[in-house]
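Chemist: Mind looking over this structure? Questions follow.
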Amino acid sequence: MLSNHIQNGIETAKLAWSRLPNSEEAEVHDGADLASTSSGNGAESLDYEVIENYAYREEQAHRGKLLGGYYVVLKWFLALLIGIGTGLAAIFINIAVENFAGWKFSATFSIIQTSYLAGFVVYILLNLVLVFSSVFIITQFAPAAAGSGIPEIKGYLNGIDTHGILLFRTLIGKILGSIGSVGGGLALGKEGPLVHTGACIASLLGQVGSTKHHLRSRWLQIFQSDRDCRDLVTCGCAAGVAAAFRAPVGGVLFALEEVTSWWRSQLMWRVFFTSAVVAVVVRTAMTWCGSGKCGHFGSGGFIIWDVSGGQEDYSFEELLPMAFIGVIGGLLGALFNQLTLYITRWRRQYLHKKGNRVKIIEVCLVSLLTSTISFGLPLLRKCSPCPESEANSGIECPRPPGMYGNYVRFYCANDNEYNDLATIFFNTQDNAIRNLFSAKTFHEYSAQGLLTFLIMFYTLAVVTFGTAVPAGQFVPGIMIGSTYGRLVGMFVVNFYKKLNIEEGTYALLGAAAFLGGSMRMTVSLCVIMVEITNNLKLLPLIMLVLLISKAVGDAFNEGLYEVQARLRGIPLLESRPKYHMRRMTAKEACRNQKVVYFRRVVKVADLVSVLRSSKHNGFPVVDHPGNGETLVIGLILRSHLFVLLQSKVDFQHSPLPCNIRGGSLPNRYNYSEFVKRVSSKGMSVDKIHLSPDDLEMYIDLAPFLNPSPYIVPEDMSLTKVYNLFRQLGLRHIFVIPRPSRVIGLITRKDLLIEENEDPGTVELQSTSVRPCWRDRRVLGRDSDVEHPLLNGLLVQH
């Protein structure tokens, strides 16, 4: 019966595309693979569409309820493993970073008791060793692990695969590189790389390990297609955010709002489950490390900057300065995006083209600059006496050397003095943010100290972002925003003279405003900020500053990830099409380029010649019924052609089509054999050995093509085509002439098919479309209705 479906599909396709232009008059082309031609960075489109060829239909026909149940259970099991793996990776990174930073600061504090010069040298050398290890791993081992990775993962879920971003060595490079770069004190964070780490773990689990390292299990090899891996990578992205901030709900919303181009309820449950697993794993590790078993990690802690003891309420007069924080956040965020764009473009044009040695030297120089500023500026800052009014706040002033907390004593003559710049600079970023968010510390920072830190750290963050190390921008953004937010809070306290106003509250709002102005996230960022600060009372204020900062930032440029994606040559399809697309049609978008097509029965030599001369990844397959017309019967993918050439089992001597209607075609392939491995370049025609006799053989492509690709009429607006392409995750769309005859009409009722109905009315398990040939008044007496139609296509004579 399935072979009859193939034959019927071919005949129906002949009807549907009876006047599709031939090679001389063609007006469609493979325009989905812009990345591989425009950027030149090895990126290509992904195949999220289900290819309903003979092997797929055969597999669906033999898949029973037991196998379907196993498929669902395995999805949940992999979601569990993704959560556990990402949580463990986050714990390992945080333990390593906190311990390296703790040992570094402890050694430096012990040395400066006798000599500040010796402490300065040791501090610089320790940072340099950590940063050098990071950039060496990236440049020599895993180049795809540089940067945050979020633009590449966002592109992957948008339908663009950049080679190498989900490989095993990228995962290792991301983890080890993040430890070195963050532990070395650079002005960047580990949260963005954790999102990439979660995506890599999800992809590797979906492939059941790495083929190169022989880590595969055959009984788990179900999720082989790009469509299946897309779901797993989405779970990994959410798990990365949940692990980075201990914000499981924020992780789910981040995946929904920021990285995915589509969503469905079944995936929501699995993403939520994965984030919950991460929260449990991280919580368990925190409890176990709380007794000091993890060294400095127990003291520094995982990210949760608790401000629940801060400002209890706010007055109407405070809304104006809070709105001002949102405006400043939008301006600073937009400026940050623009500066990083210019500097990264200059860096790639003049520095990174010179090789890995220049990249290593650049990062080492940035490390020297960062270490000099963070150690040298506090030396130039005059110490302040410990405030007496805060003796009952529970915060010790000054704190003991080498311990975590407020009021760092650095280069001070008296024992009861502290250095406000060292409190921010001479600390890990997590603890510096915790100090800026702290309540009951009204006089800890001076306006001059905060302004100095803001200018210097903002500059360092701009310069550091884009270097050849794993670099996240969440925590540096929080550092920048909380600094100017606390600065505004100081002026508000002095202006209103109210005791219930906390500077730490304004620091939190400033952090949210800068992230909103830079990354342009709203809902997910709002929830993340609430979860990491443990203060639900500030939710309306966070929403206010996020909306203002995003609106201000959007007036100047795009978000940080969109800017970086465009800089990397990743052709993202944004949620909204361009305005001028409303005035364009699908035919105009084809740009009158010629189609590269194959006949149904093609000579192997011709097939190889076309594959070598063309870079297209999808080819129309045509047939000639004998009346002089060229009829398109489906779409064949480049990767599928490689499988046929590699196996050679379907080579035939005759140039005549094989008899599919009679059911004589054996199913020699599993559907997984047609799937390109995730984040791989796939096969190449030059690597396939074909003898002269093989080149004289023929292949009938009909059993292997997709007989029901997506098609649009030539006068459909380009906006509608854009939405269809993006929401369905397509790679190819056929443009056909305007049809003239209706053969059927599908309504909502036709799609509501129950399981106990006649299975003959349901052609595929994945497609619940009933043939629409009941209304004879519409169909007339045309004999073509005897064949099932492909999803109710409109046809013309």
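Residues in the structure tokens are numbered from 1 in each chain, the chains being A, B, ... in the order shown, and ligands are numbered from 1 in the order shown.
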Got a sec: who's within 8 Å of Arg381 (chain A), counting only C-alpha atoms, leaving out chain neighbours fewer than 5 positions off, as a ChimeraX atom specification?

Modeler: /A:419,421,449

Chemist: Would you export the selected residues with N, CA and C atoms as a PDB file, in the first residue's frame, please?

Modeler:
ATOM      1  N   ASN A 419      38.762  50.476  51.735  1.00  0.00           N
ATOM      2  CA  ASN A 419      38.919  51.075  50.405  1.00  0.00           C
ATOM      3  C   ASN A 419      37.691  50.706  49.580  1.00  0.00           C
ATOM      4  N   LEU A 421      36.942  51.347  46.431  1.00  0.00           N
ATOM      5  CA  LEU A 421      37.235  50.833  45.096  1.00  0.00           C
ATOM      6  C   LEU A 421      37.702  49.378  45.160  1.00  0.00           C
ATOM      7  N   GLY A 449      34.098  57.167  43.695  1.00  0.00           N
ATOM      8  CA  GLY A 449      34.555  55.792  43.519  1.00  0.00           C
ATOM      9  C   GLY A 449      33.672  55.010  42.556  1.00  0.00           C
TER      10      GLY A 449
END

Chemist: Excluding same-chain residues fewer than 5 positions from Met584 (chain A), what lies within 9 Å of it counting only C-alpha atoms, as a PyMOL selection string?

Modeler: chain A and resi 589+715-719

Chemist: Please identify the helix (DSSP H, G or I) residues within region 347-533 of chain A (assignment by DSSP from backbone atoms) and present them as a short mmCIF file (atom, residue, chain, number, x, y, z; two decimals) with N, CA and C atoms, in the first residue's frame.

Modeler:
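Okay, this is what ended up in result08.cif:
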data_model
loop_
_atom_site.label_atom_id
_atom_site.label_comp_id
_atom_site.auth_asym_id
_atom_site.auth_seq_id
_atom_site.Cartn_x
_atom_site.Cartn_y
_atom_site.Cartn_z
N ARG A 347 38.75 44.41 15.07
CA ARG A 347 39.62 43.32 15.54
C ARG A 347 39.71 42.21 14.49
N ARG A 348 38.59 41.87 13.88
CA ARG A 348 38.60 40.80 12.88
C ARG A 348 39.29 41.22 11.59
N GLN A 349 39.20 42.50 11.28
CA GLN A 349 39.77 42.97 10.04
C GLN A 349 41.28 43.13 10.12
N TYR A 350 41.81 43.54 11.28
CA TYR A 350 43.22 43.88 11.37
C TYR A 350 44.02 42.95 12.29
N HIS A 352 42.75 39.49 13.97
CA HIS A 352 42.52 38.05 13.97
C HIS A 352 42.90 37.39 12.65
N LYS A 353 43.05 38.16 11.59
CA LYS A 353 43.48 37.59 10.32
C LYS A 353 44.95 37.17 10.36
N LYS A 354 45.69 37.66 11.34
CA LYS A 354 47.12 37.39 11.41
C LYS A 354 47.46 36.08 12.12
N ASN A 356 46.66 32.77 15.18
CA ASN A 356 46.38 32.50 16.59
C ASN A 356 47.36 33.19 17.52
N ARG A 357 48.61 33.39 17.06
CA ARG A 357 49.59 34.04 17.94
C ARG A 357 49.14 35.45 18.30
N VAL A 358 48.59 36.17 17.34
CA VAL A 358 48.11 37.53 17.62
C VAL A 358 46.92 37.48 18.57
N LYS A 359 46.05 36.49 18.42
CA LYS A 359 44.92 36.35 19.34
C LYS A 359 45.39 36.12 20.77
N ILE A 360 46.39 35.27 20.93
CA ILE A 360 46.92 34.99 22.27
C ILE A 360 47.56 36.24 22.87
N ILE A 361 48.36 36.96 22.07
CA ILE A 361 49.00 38.18 22.57
C ILE A 361 47.95 39.21 22.95
N GLU A 362 46.92 39.34 22.14
CA GLU A 362 45.86 40.31 22.44
C GLU A 362 45.20 40.03 23.78
N VAL A 363 44.81 38.77 24.01
CA VAL A 363 44.14 38.43 25.26
C VAL A 363 45.08 38.62 26.45
N CYS A 364 46.33 38.29 26.30
CA CYS A 364 47.29 38.49 27.39
C CYS A 364 47.47 39.97 27.70
N LEU A 365 47.49 40.82 26.67
CA LEU A 365 47.58 42.26 26.91
C LEU A 365 46.33 42.79 27.62
N VAL A 366 45.17 42.29 27.22
CA VAL A 366 43.93 42.69 27.91
C VAL A 366 43.96 42.23 29.36
N SER A 367 44.51 41.05 29.63
CA SER A 367 44.64 40.58 31.00
C SER A 367 45.58 41.47 31.81
N LEU A 368 46.70 41.85 31.22
CA LEU A 368 47.62 42.75 31.92
C LEU A 368 46.96 44.09 32.22
N LEU A 369 46.21 44.62 31.26
CA LEU A 369 45.52 45.90 31.46
C LEU A 369 44.48 45.78 32.56
N THR A 370 43.70 44.70 32.54
CA THR A 370 42.67 44.51 33.55
C THR A 370 43.27 44.35 34.93
N SER A 371 44.32 43.55 35.05
CA SER A 371 44.96 43.34 36.35
C SER A 371 45.58 44.63 36.88
N THR A 372 46.20 45.40 36.00
CA THR A 372 46.81 46.66 36.42
C THR A 372 45.77 47.64 36.93
N ILE A 373 44.64 47.73 36.21
CA ILE A 373 43.59 48.66 36.64
C ILE A 373 42.96 48.20 37.95
N SER A 374 42.62 46.91 38.05
CA SER A 374 41.93 46.43 39.25
C SER A 374 42.84 46.48 40.48
N PHE A 375 44.15 46.38 40.32
CA PHE A 375 45.06 46.47 41.46
C PHE A 375 45.55 47.90 41.68
N GLY A 376 45.77 48.64 40.57
CA GLY A 376 46.38 49.95 40.70
C GLY A 376 45.43 51.04 41.11
N LEU A 377 44.20 51.04 40.60
CA LEU A 377 43.26 52.11 40.95
C LEU A 377 42.95 52.19 42.44
N PRO A 378 42.72 51.06 43.13
CA PRO A 378 42.52 51.18 44.59
C PRO A 378 43.73 51.77 45.32
N LEU A 379 44.94 51.60 44.78
CA LEU A 379 46.11 52.19 45.42
C LEU A 379 46.05 53.71 45.37
N LEU A 380 45.41 54.25 44.34
CA LEU A 380 45.31 55.70 44.17
C LEU A 380 44.12 56.28 44.93
N GLU A 388 30.18 54.41 61.66
CA GLU A 388 29.71 53.95 62.96
C GLU A 388 28.22 53.63 62.95
N SER A 389 27.47 54.27 62.07
CA SER A 389 26.02 54.09 62.07
C SER A 389 25.61 52.71 61.62
N GLU A 390 26.52 51.96 61.03
CA GLU A 390 26.17 50.66 60.51
C GLU A 390 26.77 49.53 61.34
N ASP A 420 36.87 51.70 49.23
CA ASP A 420 35.62 51.40 48.53
C ASP A 420 35.87 50.89 47.10
N LEU A 421 36.94 51.35 46.43
CA LEU A 421 37.24 50.83 45.10
C LEU A 421 37.70 49.38 45.16
N ALA A 422 38.50 49.05 46.18
CA ALA A 422 38.94 47.66 46.32
C ALA A 422 37.78 46.74 46.65
N THR A 423 36.74 47.26 47.30
CA THR A 423 35.56 46.45 47.60
C THR A 423 34.89 45.95 46.33
N ILE A 424 35.00 46.72 45.24
CA ILE A 424 34.42 46.28 43.97
C ILE A 424 35.48 45.63 43.08
N PHE A 425 36.63 46.29 42.94
CA PHE A 425 37.64 45.79 42.01
C PHE A 425 38.31 44.52 42.50
N GLN A 429 33.49 38.83 40.58
CA GLN A 429 32.34 39.61 40.11
C GLN A 429 31.09 39.28 40.90
N ASP A 430 30.88 38.02 41.24
CA ASP A 430 29.70 37.65 42.01
C ASP A 430 29.67 38.36 43.35
N ASN A 431 30.80 38.43 44.03
CA ASN A 431 30.84 39.08 45.34
C ASN A 431 30.81 40.59 45.22
N ALA A 432 31.37 41.14 44.14
CA ALA A 432 31.26 42.58 43.93
C ALA A 432 29.81 43.00 43.72
N ILE A 433 29.06 42.19 42.95
CA ILE A 433 27.64 42.48 42.77
C ILE A 433 26.88 42.34 44.07
N ARG A 434 27.23 41.33 44.84
CA ARG A 434 26.58 41.15 46.13
C ARG A 434 26.82 42.35 47.03
N ASN A 435 28.01 42.94 46.96
CA ASN A 435 28.30 44.14 47.74
C ASN A 435 27.49 45.33 47.24
N LEU A 436 27.37 45.47 45.91
CA LEU A 436 26.60 46.59 45.37
C LEU A 436 25.12 46.46 45.67
N PHE A 437 24.62 45.25 45.74
CA PHE A 437 23.20 45.04 46.04
C PHE A 437 22.90 45.10 47.54
N ALA A 447 30.49 58.67 45.59
CA ALA A 447 30.09 58.90 44.20
C ALA A 447 31.30 58.89 43.28
N GLN A 448 32.43 59.42 43.75
CA GLN A 448 33.63 59.44 42.93
C GLN A 448 34.15 58.02 42.67
N GLY A 449 34.10 57.17 43.69
CA GLY A 449 34.56 55.79 43.52
C GLY A 449 33.67 55.01 42.56
N LEU A 450 32.35 55.16 42.69
CA LEU A 450 31.43 54.45 41.79
C LEU A 450 31.58 54.94 40.35
N LEU A 451 31.74 56.25 40.16
CA LEU A 451 31.89 56.78 38.81
C LEU A 451 33.19 56.29 38.18
N THR A 452 34.26 56.25 38.98
CA THR A 452 35.54 55.75 38.47
C THR A 452 35.43 54.30 38.04
N PHE A 453 34.80 53.48 38.88
CA PHE A 453 34.65 52.07 38.54
C PHE A 453 33.77 51.89 37.30
N LEU A 454 32.70 52.68 37.20
CA LEU A 454 31.79 52.56 36.06
C LEU A 454 32.52 52.83 34.75
N ILE A 455 33.30 53.89 34.70
CA ILE A 455 34.00 54.25 33.46
C ILE A 455 35.03 53.19 33.10
N MET A 456 35.81 52.77 34.07
CA MET A 456 36.88 51.81 33.79
C MET A 456 36.34 50.44 33.44
N PHE A 457 35.36 49.95 34.20
CA PHE A 457 34.85 48.60 33.94
C PHE A 457 34.06 48.58 32.63
N TYR A 458 33.33 49.64 32.35
CA TYR A 458 32.61 49.73 31.07
C TYR A 458 33.59 49.64 29.91
N THR A 459 34.69 50.34 30.02
CA THR A 459 35.71 50.31 28.96
C THR A 459 36.32 48.92 28.84
N LEU A 460 36.64 48.29 29.97
CA LEU A 460 37.23 46.95 29.94
C LEU A 460 36.26 45.94 29.34
N ALA A 461 34.98 46.06 29.67
CA ALA A 461 33.99 45.13 29.13
C ALA A 461 33.88 45.26 27.62
N VAL A 462 33.91 46.49 27.12
CA VAL A 462 33.84 46.70 25.68
C VAL A 462 35.06 46.12 24.98
N VAL A 463 36.24 46.33 25.56
CA VAL A 463 37.47 45.85 24.94
C VAL A 463 37.57 44.34 25.02
N THR A 464 37.14 43.74 26.12
CA THR A 464 37.30 42.30 26.33
C THR A 464 36.33 41.50 25.49
N PHE A 474 26.27 38.64 30.72
CA PHE A 474 25.24 38.84 31.74
C PHE A 474 25.82 39.52 32.98
N VAL A 475 26.81 38.88 33.59
CA VAL A 475 27.36 39.40 34.85
C VAL A 475 28.08 40.73 34.67
N PRO A 476 28.91 40.92 33.62
CA PRO A 476 29.45 42.28 33.42
C PRO A 476 28.37 43.32 33.23
N GLY A 477 27.28 42.96 32.55
CA GLY A 477 26.18 43.90 32.41
C GLY A 477 25.54 44.23 33.75
N ILE A 478 25.41 43.24 34.61
CA ILE A 478 24.87 43.49 35.95
C ILE A 478 25.82 44.38 36.74
N MET A 479 27.13 44.15 36.58
CA MET A 479 28.11 44.99 37.27
C MET A 479 27.98 46.45 36.83
N ILE A 480 27.92 46.67 35.54
CA ILE A 480 27.82 48.04 35.03
C ILE A 480 26.52 48.69 35.48
N GLY A 481 25.40 47.98 35.30
CA GLY A 481 24.11 48.54 35.65
C GLY A 481 23.96 48.81 37.14
N SER A 482 24.42 47.88 37.97
CA SER A 482 24.28 48.08 39.42
C SER A 482 25.15 49.23 39.90
N THR A 483 26.27 49.50 39.22
CA THR A 483 27.13 50.61 39.64
C THR A 483 26.44 51.95 39.41
N TYR A 484 25.94 52.17 38.18
CA TYR A 484 25.29 53.46 37.96
C TYR A 484 23.93 53.52 38.65
N GLY A 485 23.29 52.35 38.87
CA GLY A 485 22.04 52.35 39.62
C GLY A 485 22.26 52.77 41.07
N ARG A 486 23.32 52.26 41.68
CA ARG A 486 23.61 52.66 43.07
C ARG A 486 24.03 54.13 43.12
N LEU A 487 24.67 54.61 42.07
CA LEU A 487 25.03 56.02 42.02
C LEU A 487 23.79 56.90 42.00
N VAL A 488 22.78 56.50 41.21
CA VAL A 488 21.51 57.24 41.21
C VAL A 488 20.83 57.12 42.56
N GLY A 489 20.91 55.93 43.17
CA GLY A 489 20.31 55.75 44.48
C GLY A 489 20.91 56.65 45.53
N MET A 490 22.19 56.91 45.46
CA MET A 490 22.83 57.82 46.41
C MET A 490 22.25 59.22 46.30
N PHE A 491 22.05 59.70 45.08
CA PHE A 491 21.47 61.03 44.91
C PHE A 491 20.01 61.06 45.37
N VAL A 492 19.27 59.97 45.16
CA VAL A 492 17.88 59.93 45.61
C VAL A 492 17.81 59.96 47.13
N VAL A 493 18.68 59.23 47.79
CA VAL A 493 18.71 59.23 49.26
C VAL A 493 19.02 60.63 49.78
N ASN A 494 19.99 61.29 49.17
CA ASN A 494 20.36 62.62 49.63
C ASN A 494 19.29 63.66 49.31
N PHE A 495 18.52 63.42 48.23
CA PHE A 495 17.52 64.41 47.82
C PHE A 495 16.24 64.30 48.63
N TYR A 496 15.74 63.04 48.82
CA TYR A 496 14.47 62.87 49.52
C TYR A 496 14.63 62.78 51.03
N GLU A 503 20.00 52.08 48.69
CA GLU A 503 20.82 52.22 47.49
C GLU A 503 20.91 50.89 46.73
N GLY A 504 20.88 49.78 47.47
CA GLY A 504 20.95 48.47 46.83
C GLY A 504 19.77 48.19 45.92
N THR A 505 18.59 48.73 46.26
CA THR A 505 17.42 48.57 45.40
C THR A 505 17.64 49.24 44.06
N TYR A 506 18.20 50.43 44.08
CA TYR A 506 18.48 51.13 42.83
C TYR A 506 19.59 50.44 42.03
N ALA A 507 20.51 49.80 42.74
CA ALA A 507 21.54 49.02 42.04
C ALA A 507 20.90 47.86 41.28
N LEU A 508 19.94 47.20 41.89
CA LEU A 508 19.23 46.11 41.21
C LEU A 508 18.49 46.63 39.98
N LEU A 509 17.80 47.75 40.10
CA LEU A 509 17.07 48.31 38.96
C LEU A 509 18.03 48.75 37.85
N GLY A 510 19.18 49.26 38.23
CA GLY A 510 20.16 49.64 37.23
C GLY A 510 20.69 48.44 36.47
N ALA A 511 20.90 47.33 37.18
CA ALA A 511 21.36 46.10 36.51
C ALA A 511 20.32 45.62 35.51
N ALA A 512 19.05 45.60 35.92
CA ALA A 512 17.99 45.18 35.00
C ALA A 512 17.90 46.13 33.80
N ALA A 513 18.05 47.43 34.05
CA ALA A 513 17.92 48.41 32.97
C ALA A 513 19.04 48.25 31.94
N PHE A 514 20.28 48.05 32.40
CA PHE A 514 21.37 47.92 31.43
C PHE A 514 21.24 46.64 30.62
N LEU A 515 20.87 45.54 31.25
CA LEU A 515 20.68 44.29 30.51
C LEU A 515 19.55 44.42 29.51
N GLY A 516 18.46 45.10 29.91
CA GLY A 516 17.37 45.32 28.98
C GLY A 516 17.77 46.21 27.82
N GLY A 517 18.59 47.22 28.09
CA GLY A 517 19.02 48.12 27.03
C GLY A 517 20.04 47.49 26.11
N SER A 518 20.77 46.48 26.58
CA SER A 518 21.78 45.83 25.76
C SER A 518 21.24 44.59 25.06
N MET A 519 20.59 43.70 25.81
CA MET A 519 20.13 42.43 25.26
C MET A 519 18.70 42.47 24.75
N VAL A 523 10.54 39.74 29.40
CA VAL A 523 9.87 38.81 30.31
C VAL A 523 10.88 37.88 30.99
N SER A 524 11.72 37.23 30.21
CA SER A 524 12.67 36.29 30.79
C SER A 524 13.66 37.00 31.71
N LEU A 525 14.14 38.16 31.31
CA LEU A 525 15.09 38.90 32.14
C LEU A 525 14.44 39.36 33.43
N CYS A 526 13.18 39.76 33.35
CA CYS A 526 12.46 40.17 34.56
C CYS A 526 12.36 39.02 35.56
N VAL A 527 12.00 37.86 35.08
CA VAL A 527 11.88 36.70 35.98
C VAL A 527 13.24 36.29 36.52
N ILE A 528 14.27 36.33 35.68
CA ILE A 528 15.62 35.99 36.14
C ILE A 528 16.05 36.94 37.26
N MET A 529 15.82 38.22 37.11
CA MET A 529 16.22 39.19 38.13
C MET A 529 15.46 38.97 39.43
N VAL A 530 14.20 38.60 39.33
CA VAL A 530 13.43 38.32 40.55
C VAL A 530 13.95 37.06 41.23
N GLU A 531 14.27 36.04 40.43
CA GLU A 531 14.73 34.79 41.03
C GLU A 531 16.10 34.92 41.66
N ILE A 532 17.00 35.68 41.06
CA ILE A 532 18.35 35.76 41.61
C ILE A 532 18.44 36.75 42.77
N THR A 533 17.43 37.58 42.97
CA THR A 533 17.45 38.51 44.09
C THR A 533 16.47 38.13 45.19
#

Chemist: Taking 6 positions as the minimum chain separation for residues in the same chain, which residues sit within 6 Å of Leu188 (chain A) when counting only C-alpha atoms? Answer as a count of residues only.

Modeler: 4

Chemist: Excluding same-chain residues fewer than 4 positions from Ile93 (chain A), what lies within 8 Å of it counting only C-alpha atoms, as an NGL selection string?

Modeler: :A and (89 or 97 or 175-176 or 178-179)

Chemist: Tell me, in Å to one decimal, how far CA of Gly173 (chain A) is from CA of Val282 (chain A).

Modeler: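 Calculated distance between CA of Gly173 (chain A) and CA of Val282 (chain A) is 21.9 Å.
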